[in-house]
>>> print(open('run_15.cif').read())   # mmCIF, C-alpha atoms
data_data
#
loop_
_atom_site.label_atom_id
_atom_site.label_comp_id
_atom_site.auth_asym_id
_atom_site.auth_seq_id
_atom_site.Cartn_x
_atom_site.Cartn_y
_atom_site.Cartn_z
CA MET A 2 0.00 0.00 0.00
CA ARG A 3 1.28 3.43 -0.82
CA GLY A 4 2.00 5.76 2.07
CA ARG A 5 0.54 9.20 2.44
CA PRO A 6 1.98 11.41 -0.32
CA ARG A 7 4.05 14.30 0.93
CA MET A 8 6.18 17.06 -0.37
CA LYS A 9 9.85 16.20 -0.65
CA LEU A 10 12.55 18.43 0.73
CA GLN A 11 16.16 17.92 -0.28
CA MET A 12 18.27 15.85 2.07
CA ASN A 13 20.40 18.77 3.29
CA THR A 14 17.25 20.73 4.07
CA ARG A 15 15.80 17.87 6.09
CA LEU A 16 19.06 17.44 7.98
CA ALA A 17 19.12 21.15 8.73
CA LEU A 18 15.56 21.07 10.05
CA TYR A 19 16.20 17.97 12.17
CA SER A 20 19.32 19.61 13.59
CA VAL A 21 17.93 23.04 14.39
CA LEU A 22 14.92 21.48 16.09
CA GLU A 23 17.20 19.28 18.20
CA PHE A 24 19.29 22.31 19.18
CA ALA A 25 16.30 24.60 19.74
CA SER A 26 14.63 22.06 22.03
CA ASP A 27 17.34 22.82 24.61
CA PRO A 28 19.29 25.95 23.73
CA THR A 29 21.64 25.56 26.70
CA ARG A 30 22.84 22.13 25.65
CA HIS A 31 25.81 21.45 23.38
CA ILE A 32 25.08 18.54 21.09
CA ALA A 33 27.76 16.70 19.13
CA ALA A 34 27.15 16.30 15.42
CA GLY A 35 27.67 12.54 15.82
CA GLU A 36 24.76 12.32 18.27
CA ILE A 37 22.36 13.90 15.79
CA ALA A 38 23.74 11.82 12.92
CA GLN A 39 23.15 8.65 14.90
CA ARG A 40 19.64 9.66 15.95
CA TYR A 41 18.53 10.26 12.37
CA GLY A 42 20.63 7.54 10.73
CA VAL A 43 22.66 9.88 8.52
CA SER A 44 26.33 10.29 7.76
CA SER A 45 28.29 12.52 10.17
CA HIS A 46 30.29 13.82 7.24
CA HIS A 47 27.17 14.94 5.43
CA LEU A 48 25.71 16.48 8.57
CA ALA A 49 28.93 18.39 9.29
CA LYS A 50 28.54 20.34 6.05
CA VAL A 51 24.98 21.26 6.96
CA LEU A 52 26.01 22.37 10.46
CA THR A 53 28.81 24.50 9.03
CA GLU A 54 26.24 26.27 6.87
CA LEU A 55 23.90 26.77 9.84
CA ALA A 56 26.78 28.15 11.90
CA ARG A 57 27.73 30.52 9.09
CA ALA A 58 24.14 31.82 9.11
CA GLY A 59 24.24 32.29 12.89
CA VAL A 60 21.54 29.74 13.62
CA VAL A 61 23.92 27.56 15.66
CA GLU A 62 27.33 28.17 17.12
CA SER A 63 30.12 25.68 17.57
CA VAL A 64 31.45 24.97 21.01
CA ARG A 65 34.99 23.67 21.21
CA GLY A 66 36.59 21.38 23.76
CA VAL A 67 35.32 18.53 25.90
CA GLY A 68 31.54 18.37 25.73
CA GLY A 69 31.69 20.56 22.67
CA GLY A 70 29.52 20.39 19.63
CA TYR A 71 26.93 22.92 18.59
CA ARG A 72 24.25 24.86 20.35
CA PHE A 73 21.30 26.94 19.26
CA ALA A 74 22.04 30.63 18.72
CA ALA A 75 18.88 32.02 17.13
CA ASN A 76 15.43 33.07 18.35
CA ALA A 77 13.06 30.09 18.16
CA ARG A 78 10.02 32.38 18.27
CA ARG A 79 11.21 34.25 15.20
CA LEU A 80 13.03 31.70 13.02
CA THR A 81 10.61 29.97 10.65
CA LEU A 82 10.86 26.72 8.74
CA MET A 83 11.10 28.82 5.57
CA ASP A 84 14.15 30.68 6.93
CA VAL A 85 15.95 27.35 7.32
CA ILE A 86 14.69 25.85 4.06
CA GLN A 87 15.83 28.83 2.00
CA MET A 88 19.39 28.38 3.28
CA PHE A 89 19.52 25.08 1.44
CA GLU A 90 17.17 25.20 -1.50
CA ASP A 91 15.56 27.67 -3.81
CA PHE A 92 12.01 27.46 -2.55
CA GLY A 93 9.33 29.99 -3.28
CA THR A 94 11.67 32.48 -4.85
CA GLY A 95 12.60 33.29 -8.41
CA ASP A 96 9.64 31.46 -9.90
CA ALA A 97 9.16 34.16 -12.50
CA ALA A 98 12.76 33.86 -13.60
CA ARG A 99 12.73 30.05 -13.80
CA ARG A 100 11.40 29.22 -17.25
CA GLU A 101 10.48 25.72 -18.35
CA ASP A 102 9.96 24.44 -21.87
CA GLY A 103 6.39 24.97 -22.95
CA ASP A 104 5.71 27.76 -20.45
CA ASP A 105 4.65 30.11 -23.23
CA THR A 106 1.94 27.80 -24.56
CA PRO A 107 -1.65 28.02 -23.24
CA VAL A 108 -1.24 24.60 -21.63
CA GLY A 109 2.08 25.61 -20.07
CA THR A 110 0.63 28.87 -18.77
CA ALA A 111 -2.37 27.13 -17.22
CA LEU A 112 -0.15 24.47 -15.63
CA ALA A 113 2.19 27.17 -14.29
CA ALA A 114 -0.80 28.91 -12.67
CA VAL A 115 -1.80 25.68 -10.88
CA LEU A 116 1.77 25.01 -9.73
CA ALA A 117 2.13 28.60 -8.54
CA GLU A 118 -1.02 28.16 -6.43
CA ILE A 119 0.52 25.11 -4.75
CA ASP A 120 3.81 26.98 -4.21
CA GLU A 121 2.01 29.91 -2.62
CA ILE A 122 0.22 27.68 -0.13
CA ALA A 123 3.42 25.81 0.74
CA LYS A 124 5.28 29.08 1.12
CA ALA A 125 2.59 30.48 3.44
CA THR A 126 2.78 27.29 5.52
CA PHE A 127 6.58 27.20 5.89
CA SER A 128 6.77 30.94 6.49
CA THR A 129 4.34 30.94 9.38
CA ILE A 130 5.58 28.00 11.40
CA THR A 131 8.32 29.06 13.78
CA LEU A 132 10.68 26.65 15.50
CA ALA A 133 8.83 27.35 18.76
CA THR A 134 5.57 26.27 17.12
CA MET A 135 7.27 23.16 15.71
CA LEU A 136 8.60 22.25 19.15
CA ARG A 137 5.05 22.38 20.50
CA LEU A 138 3.87 20.18 17.63
CA ILE A 139 6.62 17.70 18.41
CA GLU A 140 5.60 17.68 22.08
CA ARG A 141 2.03 16.98 21.05
CA GLN A 142 3.19 14.08 18.84
CA ARG A 143 5.13 12.67 21.78
CA ALA A 144 2.14 12.99 24.09
CA ASP A 145 -0.17 11.34 21.53
CA ALA A 146 2.32 8.50 21.06
CA ALA A 147 2.60 8.04 24.84
CA ARG A 148 -1.19 7.96 25.22
CA GLY A 149 -1.44 5.45 22.37
CA ALA A 150 1.20 3.24 23.97
CA ALA A 151 -0.56 3.41 27.34
CA ARG A 152 -3.83 2.26 25.75
CA ARG A 153 -2.23 -0.66 23.90
CA PRO A 154 -2.08 -3.91 25.93
CA ALA A 155 1.42 -5.22 26.57
CA ALA A 156 2.58 -8.03 24.27
CA GLY A 157 1.11 -11.33 25.39
CA ALA A 158 -1.35 -9.72 27.74
CA SER A 159 -4.95 -10.80 27.61
CA PRO A 160 -7.47 -8.30 26.37
CA PRO A 161 -9.66 -6.90 29.17
CA ALA A 162 -12.66 -9.07 29.88
CA ARG A 163 -15.86 -7.69 28.40
CA PRO A 164 -18.65 -7.29 30.89
CA ALA A 165 -21.51 -9.74 30.35
CA ARG A 166 -24.40 -8.06 28.58
CA ARG A 167 -27.68 -8.20 30.30
CA ARG A 168 -30.69 -9.01 28.31
CA PRO A 169 -33.26 -6.28 28.48
CA MET B 295 -24.25 31.79 5.00
CA ASN B 296 -22.82 34.75 6.77
CA ALA B 297 -19.58 35.15 4.86
CA GLY B 298 -20.33 38.86 4.69
CA ALA B 299 -19.46 39.14 8.35
CA GLY B 300 -15.94 38.47 7.16
CA THR B 301 -14.71 35.05 8.15
CA ARG B 302 -11.26 36.51 8.27
CA ALA B 303 -9.03 37.08 11.21
CA ARG B 304 -8.34 40.64 10.53
CA ALA B 305 -5.25 42.07 12.00
CA ALA B 306 -2.07 41.68 13.92
CA VAL B 307 -2.15 40.16 17.34
CA SER B 308 1.35 39.03 18.05
CA GLY B 309 3.83 41.02 16.06
CA GLY B 310 5.84 44.09 16.75
CA ARG B 311 7.73 45.06 19.80
CA ARG B 312 5.71 46.05 22.85
CA ARG B 313 6.03 49.74 23.41
CA GLY B 314 4.29 49.47 26.74
CA LEU B 315 0.77 49.99 27.90
CA PRO B 316 0.42 50.01 31.68
CA GLY B 317 -0.91 46.72 32.99
CA ALA B 318 -0.70 44.92 29.64
CA ASP B 319 1.29 42.06 31.10
CA THR B 320 -0.73 38.87 30.99
CA GLY B 321 -1.50 38.70 34.71
CA ALA B 322 -3.18 42.12 34.78
CA VAL B 323 -5.40 41.53 31.75
CA VAL B 324 -9.10 40.86 32.23
CA ILE B 325 -11.21 39.36 29.44
CA ARG B 326 -14.94 40.09 29.50
CA PRO B 327 -17.90 40.52 27.12
CA ALA B 328 -17.85 43.79 25.21
CA ARG B 329 -20.08 46.64 26.41
CA ARG B 330 -21.41 49.55 24.39
CA GLY B 331 -18.90 51.83 26.12
CA ASP B 332 -16.01 49.72 24.75
CA LEU B 333 -16.97 50.31 21.13
CA GLU B 334 -14.99 53.54 20.63
CA ALA B 335 -11.81 51.83 21.81
CA VAL B 336 -12.48 48.81 19.62
CA ILE B 337 -13.05 51.03 16.59
CA ALA B 338 -9.84 52.93 17.38
CA ILE B 339 -7.75 49.75 17.68
CA ASP B 340 -9.17 48.44 14.42
CA ALA B 341 -8.54 51.76 12.67
CA ARG B 342 -4.98 51.95 14.02
CA VAL B 343 -4.17 48.47 12.73
CA THR B 344 -6.03 48.52 9.41
CA GLY B 345 -5.87 52.24 8.68
CA LEU B 346 -9.60 52.25 7.96
CA PRO B 347 -12.21 53.41 10.51
CA LYS B 348 -15.46 51.43 10.14
CA ARG B 349 -17.86 52.89 12.70
CA ASP B 350 -21.11 51.59 11.12
CA TYR B 351 -19.66 48.13 10.70
CA TRP B 352 -18.64 47.90 14.36
CA GLN B 353 -21.94 49.23 15.63
CA SER B 354 -23.73 46.64 13.53
CA LEU B 355 -21.42 43.92 14.87
CA TYR B 356 -22.07 45.05 18.44
CA ARG B 357 -25.83 44.84 17.93
CA ARG B 358 -25.50 41.29 16.60
CA TYR B 359 -22.72 39.93 18.80
CA GLY B 360 -22.42 42.13 21.88
CA ALA B 361 -25.84 43.42 22.83
CA LYS B 362 -27.59 40.05 22.94
CA ARG B 363 -26.41 37.32 25.25
CA ASP B 364 -26.03 34.18 23.16
CA ALA B 365 -23.63 31.35 23.98
CA GLY B 366 -22.91 30.85 20.30
CA ARG B 367 -22.02 34.48 19.58
CA GLN B 368 -19.16 36.18 21.33
CA PHE B 369 -17.66 39.64 21.30
CA LEU B 370 -15.01 39.83 24.00
CA VAL B 371 -12.57 42.56 24.98
CA ALA B 372 -9.28 42.53 26.88
CA ILE B 373 -8.91 45.21 29.56
CA ALA B 374 -5.54 46.28 30.96
CA GLY B 375 -4.91 49.33 33.10
CA GLY B 376 -8.56 50.28 32.68
CA GLU B 377 -8.28 50.43 28.88
CA VAL B 378 -9.53 48.17 26.11
CA VAL B 379 -6.34 46.70 24.61
CA GLY B 380 -7.81 44.02 22.37
CA PHE B 381 -10.91 42.20 21.23
CA VAL B 382 -12.07 38.99 19.60
CA ILE B 383 -15.30 38.17 17.79
CA GLY B 384 -16.67 34.84 16.72
CA GLU B 385 -19.66 32.58 16.63
CA VAL B 386 -20.75 28.98 16.34
CA ARG B 387 -21.95 28.21 12.84
CA ASP B 388 -24.03 25.15 12.16
CA TRP B 389 -23.46 23.08 9.07
CA GLU B 390 -21.84 25.89 7.16
CA PHE B 391 -20.09 24.46 4.09
CA GLY B 392 -21.40 21.09 5.21
CA SER B 393 -19.35 21.20 8.40
CA PRO B 394 -20.76 20.03 11.75
CA PRO B 395 -21.27 22.92 14.20
CA CYS B 396 -17.96 24.65 14.76
CA GLY B 397 -16.65 27.87 16.33
CA TRP B 398 -15.43 30.54 13.92
CA VAL B 399 -13.10 33.36 14.93
CA PHE B 400 -13.50 36.13 12.42
CA GLY B 401 -11.93 39.09 14.14
CA ILE B 402 -9.07 39.46 16.61
CA ASP B 403 -6.94 42.51 17.26
CA VAL B 404 -4.57 43.71 19.95
CA ASP B 405 -3.51 47.32 20.42
CA PRO B 406 0.04 47.53 18.98
CA ARG B 407 1.21 49.01 22.30
CA ALA B 408 0.03 45.92 24.19
CA ARG B 409 1.44 43.19 21.97
CA GLN B 410 3.97 40.56 22.97
CA ALA B 411 2.27 40.27 26.35
CA GLY B 412 0.02 37.29 25.73
CA VAL B 413 -3.16 39.34 25.25
CA GLY B 414 -4.01 37.65 21.92
CA THR B 415 -3.49 34.26 23.52
CA ARG B 416 -5.81 35.16 26.40
CA LEU B 417 -8.49 36.39 24.00
CA LEU B 418 -8.30 33.26 21.88
CA GLN B 419 -8.42 31.02 24.95
CA ALA B 420 -11.46 32.89 26.24
CA ILE B 421 -13.42 32.60 23.03
CA CYS B 422 -12.46 28.92 22.74
CA ASN B 423 -13.79 28.37 26.27
CA GLY B 424 -17.01 30.05 25.18
CA PHE B 425 -17.25 27.78 22.15
CA ARG B 426 -16.74 24.74 24.35
CA GLY B 427 -19.53 26.00 26.56
CA ALA B 428 -21.72 26.26 23.47
CA GLY B 429 -21.10 22.58 22.81
CA VAL B 430 -18.57 22.56 19.98
CA ASP B 431 -15.15 20.93 19.98
CA ARG B 432 -13.49 22.68 17.06
CA VAL B 433 -12.51 26.23 16.20
CA ARG B 434 -11.74 27.60 12.76
CA THR B 435 -10.62 30.83 11.17
CA MET B 436 -9.61 32.14 7.77
CA LEU B 437 -7.19 34.83 6.72
CA ALA B 438 -5.09 36.00 3.83
CA ARG B 439 -2.19 33.67 3.13
CA ASP B 440 0.21 36.60 2.92
CA ASN B 441 -0.77 37.71 6.42
CA HIS B 442 2.17 35.87 7.92
CA LEU B 443 2.03 37.71 11.23
CA VAL B 444 -1.46 36.55 12.18
CA LEU B 445 -1.02 33.15 10.55
CA SER B 446 2.03 32.67 12.80
CA PHE B 447 -0.02 33.67 15.83
CA PHE B 448 -2.78 31.15 15.13
CA ARG B 449 -0.23 28.45 14.36
CA SER B 450 1.57 29.18 17.62
CA GLN B 451 -1.75 28.47 19.34
CA GLY B 452 -1.88 25.01 17.74
CA MET B 453 -4.05 25.72 14.71
CA MET B 454 -3.28 23.80 11.51
CA ALA B 455 -4.69 23.90 7.99
CA GLY B 456 -8.25 22.63 8.01
CA PRO B 457 -10.03 20.38 5.56
CA PHE B 458 -11.50 23.22 3.49
CA ILE B 459 -9.97 25.16 0.61
CA PRO B 460 -11.30 28.64 -0.09
CA LEU B 461 -11.95 29.30 -3.78
CA GLU B 462 -12.88 32.46 -5.61
CA MET B 463 -13.11 33.97 -9.06
CA GLU B 464 -13.68 37.34 -10.60
CA LEU B 465 -17.22 38.00 -11.81
CA SER B 466 -17.18 39.27 -15.33
CA PRO B 467 -19.48 42.30 -15.82
#
>>> encode(input="run_15.cif", output="structure tokens")
Amino acid sequence: MRGRPRMKLQMNTRLALYSVLEFASDPTRHIAAGEIAQRYGVSSHHLAKVLTELARAGVVESVRGVGGGYRFAANARRLTLMDVIQMFEDFGTGDAARREDGDDTPVGTALAAVLAEIDEIAKATFSTITLATMLRLIERQRADAARGAARRPAAGASPPARPARRRP
Amino acid sequence: MNAGAGTRARAAVSGGRRRGLPGADTGAVVIRPARRGDLEAVIAIDARVTGLPKRDYWQSLYRRYGAKRDAGRQFLVAIAGGEVVGFVIGEVRDWEFGSPPCGWVFGIDVDPRARQAGVGTRLLQAICNGFRGAGVDRVRTMLARDNHLVLSFFRSQGMMAGPFIPLEMELSP
């Protein structure tokens, strides 16, 4: 069965979002790149390039020495998903300049209008979700998962006995 | 269908730096139903934020949402330091667009001098409590997609895109 379709972000963008959300969840903590790489099953080498870019933009700062790594250096209530995405891919900008074959035909123009509508909605979504809002969403996901786990019977456990129904 | 009432959250509630209005910190803010005497302040806040005074519109809204006590219709104001520093308006709409009864917020504003103090959050919480009291379990709003400031505010309160897509077209003469 096919999973739920979703928009694809480039790998570097996803790594950047994973990382900044890890850092922003505890701005006082230094986190080693290796720890994040392990958590998300990605290469440390690849992640290091992303973190260098985030540090250059002032989103994180590197901490040297024992217990070093990176820590969050931005304002989670101001930084949006779009701010991070646009560091790594050309999203929602320069659409007018990016020409595709067939754009000048009636079919191409109509298709471009539909795609622009989708882009505008995606742009509005990414631009209005701050890291602070994302952290609350993540907390809600965790709470929902915990509630779901609490409701599920442990493996091998018997289902609760159903009360006998009385005949009216 | 009462789309004419403007199912749009209208102006900024969270942005900008607080320039200070005495008592506008969250603890000192009181939320209560709007009274006729609050209307001038409400009109002034709206005009300051939108640049367009709409006296007749607000008086009409007060008659429909403020003057009559109705659990489904709410016009609330936030008071700090004895002044009106914000307001929220909404109502429960039944089966609009085929949706089960649901609370709609179609106007929320905070005085720019009182922002960044949680006033918008208090107003939204209060109207949501009112909607719960009216028996609904969902709240909805609609606003321009380039209104990033207010979109960010509603998202920070936990709101996500709903199952409806607004559509429109120009009417040829």
>>> closest_atom_pairs(input="run_15.cif", of="chain A", to="chain B", cutoff="7 Å", atoms="all atoms listed in the file", output="JSON lines")
{"residue": "A:Ala125", "atom": "CA", "partner": "B:Arg439", "partner_atom": "CA", "distance": 5.8}
{"residue": "A:Ser128", "atom": "CA", "partner": "B:His442", "partner_atom": "CA", "distance": 6.9}
{"residue": "A:Thr129", "atom": "CA", "partner": "B:Ser446", "partner_atom": "CA", "distance": 4.5}
{"residue": "A:Ile130", "atom": "CA", "partner": "B:Ser446", "partner_atom": "CA", "distance": 6.0}
{"residue": "A:Thr134", "atom": "CA", "partner": "B:Ser450", "partner_atom": "CA", "distance": 5.0}
>>> atom_distance(input="run_15.cif", atom1="CA of His31 in chain A", atom2="CA of His46 in chain A")
18.4 Å
>>> closest_residue(input="run_15.cif", among="B:Pro406, B:Gly401, B:Gly366, B:Gly376", to="Gly429 in chain B", atoms="only C-alpha atoms")
B:Gly366
>>> residues_near_point(input="run_15.cif", point="(-4.4, 51.1, 10.0)", cutoff="12 Å", atoms="all atoms listed in the file", output="PyMOL selection string")
chain B and resi 304-306+337-348+403+405-406
>>> atom_distance(input="run_15.cif", atom1="CA of Ala75 in chain A", atom2="CA of Ile32 in chain A")
15.4 Å
>>> closest_residue(input="run_15.cif", among="A:Ala25, A:Leu138, A:Leu52, A:Ala117", to="Ala38 in chain A", atoms="all atoms listed in the file")
A:Leu52
>>> atom_distance(input="run_15.cif", atom1="CA of Leu132 in chain A", atom2="CA of Val61 in chain A")
13.3 Å
>>> residues_around(input="run_15.cif", residues="Glu90 in chain A", least_positions_apart="5", cutoff="9 Å", atoms="only C-alpha atoms", output="list in words")
Leu10, Gln11, Asn13 and Thr14 of chain A
>>> residues_around(input="run_15.cif", residues="Pro327 in chain B", least_positions_apart="6", cutoff="7 Å", atoms="only C-alpha atoms", output="CSV table (one decimal) with C-alpha atoms, in the coordinates of the input")
chain,number,residue,atom,x,y,z
B,369,PHE,CA,-17.7,39.6,21.3
B,370,LEU,CA,-15.0,39.8,24.0
B,371,VAL,CA,-12.6,42.6,25.0
>>> resolve_selection(input="run_15.cif", expression="the PyMOL selection byres ((chain A and resi 23) around 12)", output="PDB file with C-alpha atoms, in the frame of the given file")
ATOM      1  CA  LEU A  16      19.060  17.440   7.980  1.00  0.00           C
ATOM      2  CA  ALA A  17      19.120  21.150   8.730  1.00  0.00           C
ATOM      3  CA  LEU A  18      15.560  21.070  10.050  1.00  0.00           C
ATOM      4  CA  TYR A  19      16.200  17.970  12.170  1.00  0.00           C
ATOM      5  CA  SER A  20      19.320  19.610  13.590  1.00  0.00           C
ATOM      6  CA  VAL A  21      17.930  23.040  14.390  1.00  0.00           C
ATOM      7  CA  LEU A  22      14.920  21.480  16.090  1.00  0.00           C
ATOM      8  CA  PHE A  24      19.290  22.310  19.180  1.00  0.00           C
ATOM      9  CA  ALA A  25      16.300  24.600  19.740  1.00  0.00           C
ATOM     10  CA  SER A  26      14.630  22.060  22.030  1.00  0.00           C
ATOM     11  CA  ASP A  27      17.340  22.820  24.610  1.00  0.00           C
ATOM     12  CA  PRO A  28      19.290  25.950  23.730  1.00  0.00           C
ATOM     13  CA  THR A  29      21.640  25.560  26.700  1.00  0.00           C
ATOM     14  CA  ARG A  30      22.840  22.130  25.650  1.00  0.00           C
ATOM     15  CA  HIS A  31      25.810  21.450  23.380  1.00  0.00           C
ATOM     16  CA  ILE A  32      25.080  18.540  21.090  1.00  0.00           C
ATOM     17  CA  ALA A  33      27.760  16.700  19.130  1.00  0.00           C
ATOM     18  CA  ALA A  34      27.150  16.300  15.420  1.00  0.00           C
ATOM     19  CA  GLU A  36      24.760  12.320  18.270  1.00  0.00           C
ATOM     20  CA  ILE A  37      22.360  13.900  15.790  1.00  0.00           C
ATOM     21  CA  ALA A  38      23.740  11.820  12.920  1.00  0.00           C
ATOM     22  CA  ARG A  40      19.640   9.660  15.950  1.00  0.00           C
ATOM     23  CA  TYR A  41      18.530  10.260  12.370  1.00  0.00           C
ATOM     24  CA  VAL A  61      23.920  27.560  15.660  1.00  0.00           C
ATOM     25  CA  TYR A  71      26.930  22.920  18.590  1.00  0.00           C
ATOM     26  CA  ARG A  72      24.250  24.860  20.350  1.00  0.00           C
ATOM     27  CA  PHE A  73      21.300  26.940  19.260  1.00  0.00           C
ATOM     28  CA  ALA A  77      13.060  30.090  18.160  1.00  0.00           C
ATOM     29  CA  LEU A 132      10.680  26.650  15.500  1.00  0.00           C
ATOM     30  CA  ALA A 133       8.830  27.350  18.760  1.00  0.00           C
ATOM     31  CA  MET A 135       7.270  23.160  15.710  1.00  0.00           C
ATOM     32  CA  LEU A 136       8.600  22.250  19.150  1.00  0.00           C
ATOM     33  CA  ILE A 139       6.620  17.700  18.410  1.00  0.00           C
TER      34      ILE A 139
END
>>> resolve_selection(input="run_15.cif", expression="the PyMOL selection byres ((chain A and resi 86) around 9)", output="list in words")
Leu10, Thr14, Arg15, Ala17, Leu18, Thr81, Leu82, Met83, Asp84, Val85, Gln87, Met88, Phe89, Glu90, Asp91, Phe92 and Phe127 of chain A
>>> resolve_selection(input="run_15.cif", expression="the PyMOL selection byres ((chain B and resi 430) around 8)", output="PDB file with C-alpha atoms, in the frame of the given file")
ATOM      1  CA  VAL B 386     -20.750  28.980  16.340  1.00  0.00           C
ATOM      2  CA  PRO B 395     -21.270  22.920  14.200  1.00  0.00           C
ATOM      3  CA  CYS B 396     -17.960  24.650  14.760  1.00  0.00           C
ATOM      4  CA  GLY B 397     -16.650  27.870  16.330  1.00  0.00           C
ATOM      5  CA  PHE B 425     -17.250  27.780  22.150  1.00  0.00           C
ATOM      6  CA  ARG B 426     -16.740  24.740  24.350  1.00  0.00           C
ATOM      7  CA  GLY B 427     -19.530  26.000  26.560  1.00  0.00           C
ATOM      8  CA  ALA B 428     -21.720  26.260  23.470  1.00  0.00           C
ATOM      9  CA  GLY B 429     -21.100  22.580  22.810  1.00  0.00           C
ATOM     10  CA  ASP B 431     -15.150  20.930  19.980  1.00  0.00           C
ATOM     11  CA  ARG B 432     -13.490  22.680  17.060  1.00  0.00           C
TER      12      ARG B 432
END
>>> residues_around(input="run_15.cif", residues="Tyr356 in chain B", least_positions_apart="3", cutoff="9 Å", atoms="only C-alpha atoms", output="mmCIF file with C-alpha atoms, in the coordinates of the input")
data_model
loop_
_atom_site.group_PDB
_atom_site.id
_atom_site.type_symbol
_atom_site.label_atom_id
_atom_site.label_comp_id
_atom_site.auth_asym_id
_atom_site.auth_seq_id
_atom_site.Cartn_x
_atom_site.Cartn_y
_atom_site.Cartn_z
ATOM 1 C CA ALA B 328 -17.850 43.790 25.210
ATOM 2 C CA ARG B 329 -20.080 46.640 26.410
ATOM 3 C CA ARG B 330 -21.410 49.550 24.390
ATOM 4 C CA LEU B 333 -16.970 50.310 21.130
ATOM 5 C CA TYR B 351 -19.660 48.130 10.700
ATOM 6 C CA TRP B 352 -18.640 47.900 14.360
ATOM 7 C CA GLN B 353 -21.940 49.230 15.630
ATOM 8 C CA TYR B 359 -22.720 39.930 18.800
ATOM 9 C CA GLY B 360 -22.420 42.130 21.880
ATOM 10 C CA ALA B 361 -25.840 43.420 22.830
ATOM 11 C CA LYS B 362 -27.590 40.050 22.940
ATOM 12 C CA PHE B 369 -17.660 39.640 21.300
#
>>> closest_residue(input="run_15.cif", among="A:Arg7, A:Asp120, A:Arg137, A:Ala56", to="Gly70 in chain A", atoms="all atoms listed in the file")
A:Ala56
>>> build_atoms(input="run_15.cif", residues="range 33-45 of chain A", atoms="N, CA and C atoms", output="PDB file, in the coordinates of the input")
ATOM      1  N   ALA A  33      26.756  17.094  20.126  1.00  0.00           N
ATOM      2  CA  ALA A  33      27.760  16.700  19.130  1.00  0.00           C
ATOM      3  C   ALA A  33      27.073  16.317  17.835  1.00  0.00           C
ATOM      4  N   ALA A  34      27.729  16.632  16.725  1.00  0.00           N
ATOM      5  CA  ALA A  34      27.150  16.300  15.420  1.00  0.00           C
ATOM      6  C   ALA A  34      26.872  14.805  15.320  1.00  0.00           C
ATOM      7  N   GLY A  35      27.816  13.996  15.898  1.00  0.00           N
ATOM      8  CA  GLY A  35      27.670  12.540  15.820  1.00  0.00           C
ATOM      9  C   GLY A  35      26.383  12.056  16.473  1.00  0.00           C
ATOM     10  N   GLU A  36      25.978  12.728  17.549  1.00  0.00           N
ATOM     11  CA  GLU A  36      24.760  12.320  18.270  1.00  0.00           C
ATOM     12  C   GLU A  36      23.526  12.513  17.384  1.00  0.00           C
ATOM     13  N   ILE A  37      23.510  13.640  16.683  1.00  0.00           N
ATOM     14  CA  ILE A  37      22.360  13.900  15.790  1.00  0.00           C
ATOM     15  C   ILE A  37      22.401  12.938  14.606  1.00  0.00           C
ATOM     16  N   ALA A  38      23.602  12.725  14.069  1.00  0.00           N
ATOM     17  CA  ALA A  38      23.740  11.820  12.920  1.00  0.00           C
ATOM     18  C   ALA A  38      23.223  10.435  13.274  1.00  0.00           C
ATOM     19  N   GLN A  39      23.578   9.988  14.471  1.00  0.00           N
ATOM     20  CA  GLN A  39      23.150   8.650  14.900  1.00  0.00           C
ATOM     21  C   GLN A  39      21.629   8.601  15.084  1.00  0.00           C
ATOM     22  N   ARG A  40      21.083   9.645  15.684  1.00  0.00           N
ATOM     23  CA  ARG A  40      19.640   9.660  15.950  1.00  0.00           C
ATOM     24  C   ARG A  40      18.820   9.572  14.668  1.00  0.00           C
ATOM     25  N   TYR A  41      19.308  10.231  13.610  1.00  0.00           N
ATOM     26  CA  TYR A  41      18.530  10.260  12.370  1.00  0.00           C
ATOM     27  C   TYR A  41      19.078   9.321  11.293  1.00  0.00           C
ATOM     28  N   GLY A  42      20.099   8.534  11.663  1.00  0.00           N
ATOM     29  CA  GLY A  42      20.630   7.540  10.730  1.00  0.00           C
ATOM     30  C   GLY A  42      21.259   8.149   9.494  1.00  0.00           C
ATOM     31  N   VAL A  43      22.013   9.234   9.668  1.00  0.00           N
ATOM     32  CA  VAL A  43      22.660   9.880   8.520  1.00  0.00           C
ATOM     33  C   VAL A  43      24.162   9.951   8.742  1.00  0.00           C
ATOM     34  N   SER A  44      24.878  10.249   7.653  1.00  0.00           N
ATOM     35  CA  SER A  44      26.330  10.290   7.760  1.00  0.00           C
ATOM     36  C   SER A  44      26.796  11.556   8.478  1.00  0.00           C
ATOM     37  N   SER A  45      27.748  11.381   9.420  1.00  0.00           N
ATOM     38  CA  SER A  45      28.290  12.520  10.170  1.00  0.00           C
ATOM     39  C   SER A  45      28.944  13.512   9.232  1.00  0.00           C
TER      40      SER A  45
END
